[in-house]
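Engineer: Below is a structure I'd like to ask you about.
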Amino acid sequence: MTSTPTAGARPDEVRRHNRTALLRRLHVGGPCTRAALATELGLNRSTIKALVDGLAESGIVEERVPRARSGAGRPSLLVLPQPLAAVVLAVDIRVEQVAIALVGLGGQMLGRDSWNLRGRAAEPAEIITRIIESTRLLAEELGVAMIAGGVSVPGVVRRGDGYVHEAPNLKWTGVPLGDRLTAAFGVPVRVANDAEIAALAEHLRGAARGSLDAVYVSADVGVGGGVISDGATLRGTAGYVGELGHMVVNPDGRPCYCGSRGCWETEVGELALCRALDLPEHSPRGMVVAELRALSAHPERVRAALGDFTRWLTSGLITIVNVFGPELVVLGDLFTALPATVVTEVAAAIAERSLVSRAIGGTRIITSTMGVDVKLVGAAELAFEPVLDMV
């Protein structure tokens, strides 16, 4: 039996591949010398020179002599991405607020806007209209034109066209968000689940940078998760993946809006934290965070207040670690305000009770340090994914 020979890549395909790899390195990693680029990308210096010269002629990068010089001889030029060479729209839709930003090549936020949602302002048509109007005003003010967009939304999203199948905490059902924004702006706009987008941000620019296998788990009104597997975002069939908050951890627990009972979200979400802290349900987010931080100053009170919460958080994370086998779990949103003793206790329990964690030499549990912009950053990176192949 003979095998069909594999055709080799054409020279133009190789150049395009190398060009994209170089541009992606500059976009994510920042300025770099020609010599370092050659080493990191495994290309010879003449190839790097040809690629950089082409990008510089197109205005996508520029070169400068490094300020700090070492050794004798002519210094290797520093290559810098030019933010205005490619600008994308990033949108973060949350239950209580919407934020937008125009982001340049290299990840620089050029300008931003945000507004709170109240009453009719939270309806899909109102939000979409406000996004379109605010983006156009911001682009005009900055004097830039965007070439793509990315949107974070707390719901189940079809990756192909950005159709929001359901976003329960927003009370959305069947919203063609991607198509509406793409038609309005005349550029491709990609939409994804907020936790998936946050995982992308953490993987490229945050705590999970350099990790091939990581899970991001966040608590907002709901609980969601995003998975990085072998260095790529795990997206599932049609993009429907990451509803970690709806795995059942307590069959005798509270009813969940999804139709099940005892979902992880009902045990460790925002409402569960309010109950644990003796706060009225639907207390302002700032109040919940303030109570958690106040509790951190009194370690002796943490177990009494958050004992059950910690037990359910641990139970869910053990399942996640056993299923996905990540080297790292990043806790985001409200979880970042948890007392350090809770995170330490959860990590110790996972190390003791997770077969997979022991097999891979341990799974680190850490809190995100990216702050409130994590989903804006992720939305921008979602937009940039196809752009870097084209600019």
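Following the order of the structure tokens, chains are lettered A, B, ..., residues in each are numbered from 1, and ligands are numbered from 1.
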Could you find all residues in range 155-359 of chain A that DSSP calls alpha helix (DSSP H) from the backbone, and write them as a ChimeraX atom specification?
Structural biologist: /A:177-185,194-205,264-268,270-276,285-296,299-324,340-353,355-359
Engineer: Selection from above, C-alpha atoms, as a compact mmCIF listing (two decimals), in the first residue's frame, can you write it?
Structural biologist:
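Printed below is result_14.txt as written:
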# COMPACT_ATOMS: atom_id res chain seq x y z
CA LEU A 177 -25.89 40.13 18.38
CA GLY A 178 -22.99 39.33 16.06
CA ASP A 179 -24.99 39.82 12.89
CA ARG A 180 -26.48 43.10 14.11
CA LEU A 181 -23.12 44.63 15.00
CA THR A 182 -21.38 43.28 11.90
CA ALA A 183 -24.05 44.85 9.70
CA ALA A 184 -23.91 48.16 11.56
CA PHE A 185 -20.13 48.55 11.46
CA ASP A 194 -17.65 36.15 28.93
CA ALA A 195 -15.77 33.47 30.87
CA GLU A 196 -14.25 32.05 27.67
CA ILE A 197 -13.12 35.54 26.74
CA ALA A 198 -11.63 36.13 30.19
CA ALA A 199 -9.74 32.84 29.89
CA LEU A 200 -8.30 34.06 26.59
CA ALA A 201 -7.19 37.31 28.23
CA GLU A 202 -5.57 35.49 31.14
CA HIS A 203 -3.83 33.10 28.75
CA LEU A 204 -2.36 35.83 26.55
CA ARG A 205 -1.77 38.69 28.99
CA TRP A 264 -22.63 25.00 41.34
CA GLU A 265 -23.83 28.53 40.59
CA THR A 266 -26.52 28.25 43.29
CA GLU A 267 -23.87 27.30 45.86
CA VAL A 268 -20.99 29.67 45.04
CA GLU A 270 -23.18 36.05 44.04
CA LEU A 271 -26.47 35.17 45.78
CA ALA A 272 -24.74 32.37 47.70
CA LEU A 273 -22.08 34.83 48.85
CA CYS A 274 -24.80 37.24 50.00
CA ARG A 275 -26.40 34.49 52.06
CA ALA A 276 -23.08 33.43 53.56
CA ARG A 285 -21.54 44.36 44.24
CA GLY A 286 -19.41 46.85 46.14
CA MET A 287 -21.04 45.84 49.40
CA VAL A 288 -20.29 42.15 48.81
CA VAL A 289 -16.65 42.92 47.99
CA ALA A 290 -16.33 45.21 51.03
CA GLU A 291 -17.69 42.49 53.34
CA LEU A 292 -15.29 39.90 51.93
CA ARG A 293 -12.32 42.21 52.40
CA ALA A 294 -13.39 43.08 55.93
CA LEU A 295 -13.66 39.37 56.67
CA SER A 296 -10.09 38.87 55.42
CA PRO A 299 -9.16 34.98 59.81
CA GLU A 300 -10.83 33.46 62.86
CA ARG A 301 -14.25 34.40 61.44
CA VAL A 302 -13.67 33.15 57.90
CA ARG A 303 -14.48 29.49 58.47
CA ALA A 304 -17.68 30.28 60.38
CA ALA A 305 -18.94 32.61 57.66
CA LEU A 306 -17.68 30.85 54.53
CA GLY A 307 -17.37 27.21 55.60
CA ASP A 308 -20.21 25.86 53.44
CA PHE A 309 -19.28 28.16 50.57
CA THR A 310 -15.68 26.90 50.69
CA ARG A 311 -16.88 23.29 50.73
CA TRP A 312 -18.95 23.74 47.57
CA LEU A 313 -16.24 25.79 45.85
CA THR A 314 -13.77 23.00 46.57
CA SER A 315 -16.16 20.29 45.38
CA GLY A 316 -16.70 22.01 42.03
CA LEU A 317 -13.05 22.79 41.46
CA ILE A 318 -12.03 19.19 42.20
CA THR A 319 -14.43 18.04 39.47
CA ILE A 320 -13.04 20.63 37.05
CA VAL A 321 -9.45 19.62 37.78
CA ASN A 322 -10.27 15.93 37.39
CA VAL A 323 -12.01 16.55 34.05
CA PHE A 324 -9.60 19.02 32.43
CA ALA A 340 -6.53 34.33 51.11
CA THR A 341 -7.20 31.62 53.71
CA VAL A 342 -10.13 30.35 51.59
CA VAL A 343 -7.98 30.07 48.46
CA THR A 344 -5.25 28.32 50.45
CA GLU A 345 -7.73 25.86 51.95
CA VAL A 346 -9.26 25.10 48.57
CA ALA A 347 -5.83 24.52 47.00
CA ALA A 348 -4.83 22.15 49.82
CA ALA A 349 -8.04 20.16 49.47
CA ILE A 350 -7.58 19.82 45.71
CA ALA A 351 -4.01 18.61 46.19
CA GLU A 352 -5.26 15.99 48.65
CA ARG A 353 -8.47 14.86 46.97
CA LEU A 355 -6.37 12.16 41.57
CA VAL A 356 -5.52 14.12 38.42
CA SER A 357 -3.87 16.97 40.34
CA ARG A 358 -1.59 14.49 42.08
CA ALA A 359 -0.83 12.74 38.79
Engineer: Excluding Leu105 in chain A and residues on its chain fewer than 2 positions from it, collect all residues at most 10 Å away from it, counting only C-alpha atoms, and give them as an MDAnalysis selection string.
Structural biologist: chainID A and resid 23:24 26:28 30 60:61 80:88 103 107:109 380:381 384 387:388
Engineer: Those selected residues, please, written with C-alpha atoms and delivered as a short mmCIF file (atom, residue, chain, number, x, y, z; two decimals), in the first residue's frame.
Structural biologist:
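Result written to selection.cif:
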data_model
loop_
_atom_site.label_atom_id
_atom_site.label_comp_id
_atom_site.auth_asym_id
_atom_site.auth_seq_id
_atom_site.Cartn_x
_atom_site.Cartn_y
_atom_site.Cartn_z
CA LEU A 23 3.31 39.96 14.18
CA ARG A 24 1.58 37.85 16.83
CA LEU A 26 5.00 41.62 18.75
CA HIS A 27 1.29 42.07 19.42
CA VAL A 28 1.26 39.89 22.53
CA GLY A 30 5.58 43.77 22.96
CA ILE A 60 2.56 48.16 10.81
CA VAL A 61 5.81 48.29 12.81
CA LEU A 80 7.68 48.00 17.86
CA PRO A 81 4.06 47.37 16.76
CA GLN A 82 2.22 50.51 15.70
CA PRO A 83 -1.12 50.73 17.56
CA LEU A 84 -2.94 52.69 14.84
CA ALA A 85 -1.99 50.17 12.15
CA ALA A 86 -4.87 47.94 13.27
CA VAL A 87 -7.66 49.05 15.61
CA VAL A 88 -10.42 46.80 16.92
CA VAL A 103 -7.80 48.88 21.07
CA GLY A 107 -3.04 45.79 23.03
CA GLN A 108 -2.99 49.53 23.71
CA MET A 109 -6.40 50.91 24.74
CA ALA A 380 -10.02 42.71 21.90
CA GLU A 381 -7.92 39.56 21.57
CA PHE A 384 -7.45 40.34 16.78
CA VAL A 387 -6.87 40.20 12.01
CA LEU A 388 -3.23 39.25 12.60
#
Engineer: Could you list, as a PyMOL selection string, every residue within 10 Å of Arg34 in chain A, counting only C-alpha atoms and ignoring same-chain residues fewer than 6 positions away?
Structural biologist: chain A and resi 40+45-46+48-49+52+63+75-79
Engineer: Write the selection just made, keeping all heavy atoms, as a compact mmCIF listing (two decimals), in the first residue's frame?
Structural biologist:
# COMPACT_ATOMS: atom_id res chain seq x y z
N GLU A 40 13.66 33.59 19.08
CA GLU A 40 12.37 33.09 19.56
C GLU A 40 11.57 32.37 18.49
O GLU A 40 10.91 31.36 18.76
CB GLU A 40 11.53 34.25 20.12
CG GLU A 40 12.05 34.82 21.42
CD GLU A 40 11.12 35.88 21.98
OE1 GLU A 40 9.90 35.76 21.76
OE2 GLU A 40 11.61 36.82 22.63
N ARG A 45 18.44 35.53 10.49
CA ARG A 45 18.35 36.98 10.56
C ARG A 45 17.95 37.62 9.25
O ARG A 45 17.28 38.65 9.23
CB ARG A 45 19.71 37.54 11.03
CG ARG A 45 20.04 37.15 12.46
CD ARG A 45 21.10 38.06 13.05
NE ARG A 45 21.36 37.74 14.45
CZ ARG A 45 21.95 38.57 15.29
NH1 ARG A 45 22.35 39.76 14.88
NH2 ARG A 45 22.16 38.22 16.55
N SER A 46 18.33 37.01 8.15
CA SER A 46 17.94 37.59 6.86
C SER A 46 16.43 37.48 6.66
O SER A 46 15.80 38.40 6.09
CB SER A 46 18.68 36.89 5.72
OG SER A 46 18.36 35.51 5.66
N ILE A 48 14.18 37.44 9.12
CA ILE A 48 13.61 38.43 10.04
C ILE A 48 13.72 39.82 9.43
O ILE A 48 12.76 40.61 9.47
CB ILE A 48 14.31 38.38 11.41
CG1 ILE A 48 13.95 37.09 12.15
CG2 ILE A 48 13.94 39.60 12.25
CD1 ILE A 48 12.49 36.98 12.55
N LYS A 49 14.87 40.13 8.84
CA LYS A 49 15.06 41.45 8.24
C LYS A 49 14.05 41.69 7.13
O LYS A 49 13.43 42.76 7.05
CB LYS A 49 16.47 41.58 7.68
CG LYS A 49 16.75 42.95 7.05
CD LYS A 49 18.16 43.01 6.47
CE LYS A 49 18.44 44.41 5.92
NZ LYS A 49 17.46 44.86 4.91
N VAL A 52 10.51 42.17 8.73
CA VAL A 52 10.39 43.45 9.44
C VAL A 52 10.38 44.61 8.44
O VAL A 52 9.59 45.55 8.57
CB VAL A 52 11.51 43.61 10.47
CG1 VAL A 52 11.53 45.03 11.03
CG2 VAL A 52 11.34 42.60 11.60
N GLU A 63 10.99 50.72 13.68
CA GLU A 63 12.22 50.29 14.34
C GLU A 63 12.92 51.47 15.00
O GLU A 63 12.92 52.58 14.46
CB GLU A 63 13.16 49.63 13.33
CG GLU A 63 12.63 48.31 12.78
CD GLU A 63 13.62 47.65 11.85
OE1 GLU A 63 13.68 48.06 10.68
OE2 GLU A 63 14.35 46.76 12.32
N PRO A 75 24.04 47.98 17.57
CA PRO A 75 22.97 47.31 18.31
C PRO A 75 21.89 46.78 17.37
O PRO A 75 21.65 47.33 16.29
CB PRO A 75 22.41 48.42 19.21
CG PRO A 75 22.68 49.67 18.43
CD PRO A 75 24.00 49.45 17.74
N SER A 76 21.25 45.70 17.80
CA SER A 76 20.12 45.18 17.05
C SER A 76 18.94 46.12 17.25
O SER A 76 18.63 46.54 18.37
CB SER A 76 19.75 43.77 17.56
OG SER A 76 18.65 43.26 16.85
N LEU A 77 18.28 46.48 16.14
CA LEU A 77 17.18 47.43 16.23
C LEU A 77 15.99 46.84 16.97
O LEU A 77 15.69 45.64 16.88
CB LEU A 77 16.74 47.85 14.83
CG LEU A 77 17.76 48.67 14.02
CD1 LEU A 77 17.26 48.88 12.60
CD2 LEU A 77 18.01 50.02 14.70
N LEU A 78 15.29 47.71 17.72
CA LEU A 78 14.09 47.31 18.45
C LEU A 78 12.89 47.47 17.52
O LEU A 78 12.70 48.51 16.89
CB LEU A 78 13.93 48.20 19.68
CG LEU A 78 12.93 47.76 20.74
CD1 LEU A 78 13.36 46.44 21.37
CD2 LEU A 78 12.80 48.84 21.81
N VAL A 79 12.07 46.42 17.42
CA VAL A 79 10.89 46.43 16.55
C VAL A 79 9.66 46.65 17.41
O VAL A 79 9.43 45.91 18.38
CB VAL A 79 10.77 45.11 15.77
CG1 VAL A 79 9.60 45.18 14.78
CG2 VAL A 79 12.06 44.78 15.05
Engineer: Which residue, A:Asp373, A:Glu141, A:Asp333, A:Asp92, has the smallest gap to Ala219 in chain A when you use only C-alpha atoms?
Structural biologist: A:Asp333
Engineer: Between A:Val377, A:Val187, A:Ala50, A:Leu170, which has the minimum distance to Glu123 in chain A (counting only C-alpha atoms)?
Structural biologist: A:Leu170
Engineer: Kindly indicate which residue among A:Gly225, A:Gly111, A:Gly150, A:Gly206 lies nearest to Ile366 in chain A, using only C-alpha atoms for the distances.
Structural biologist: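 Smallest separation from Ile366 in chain A among the options: A:Gly206.
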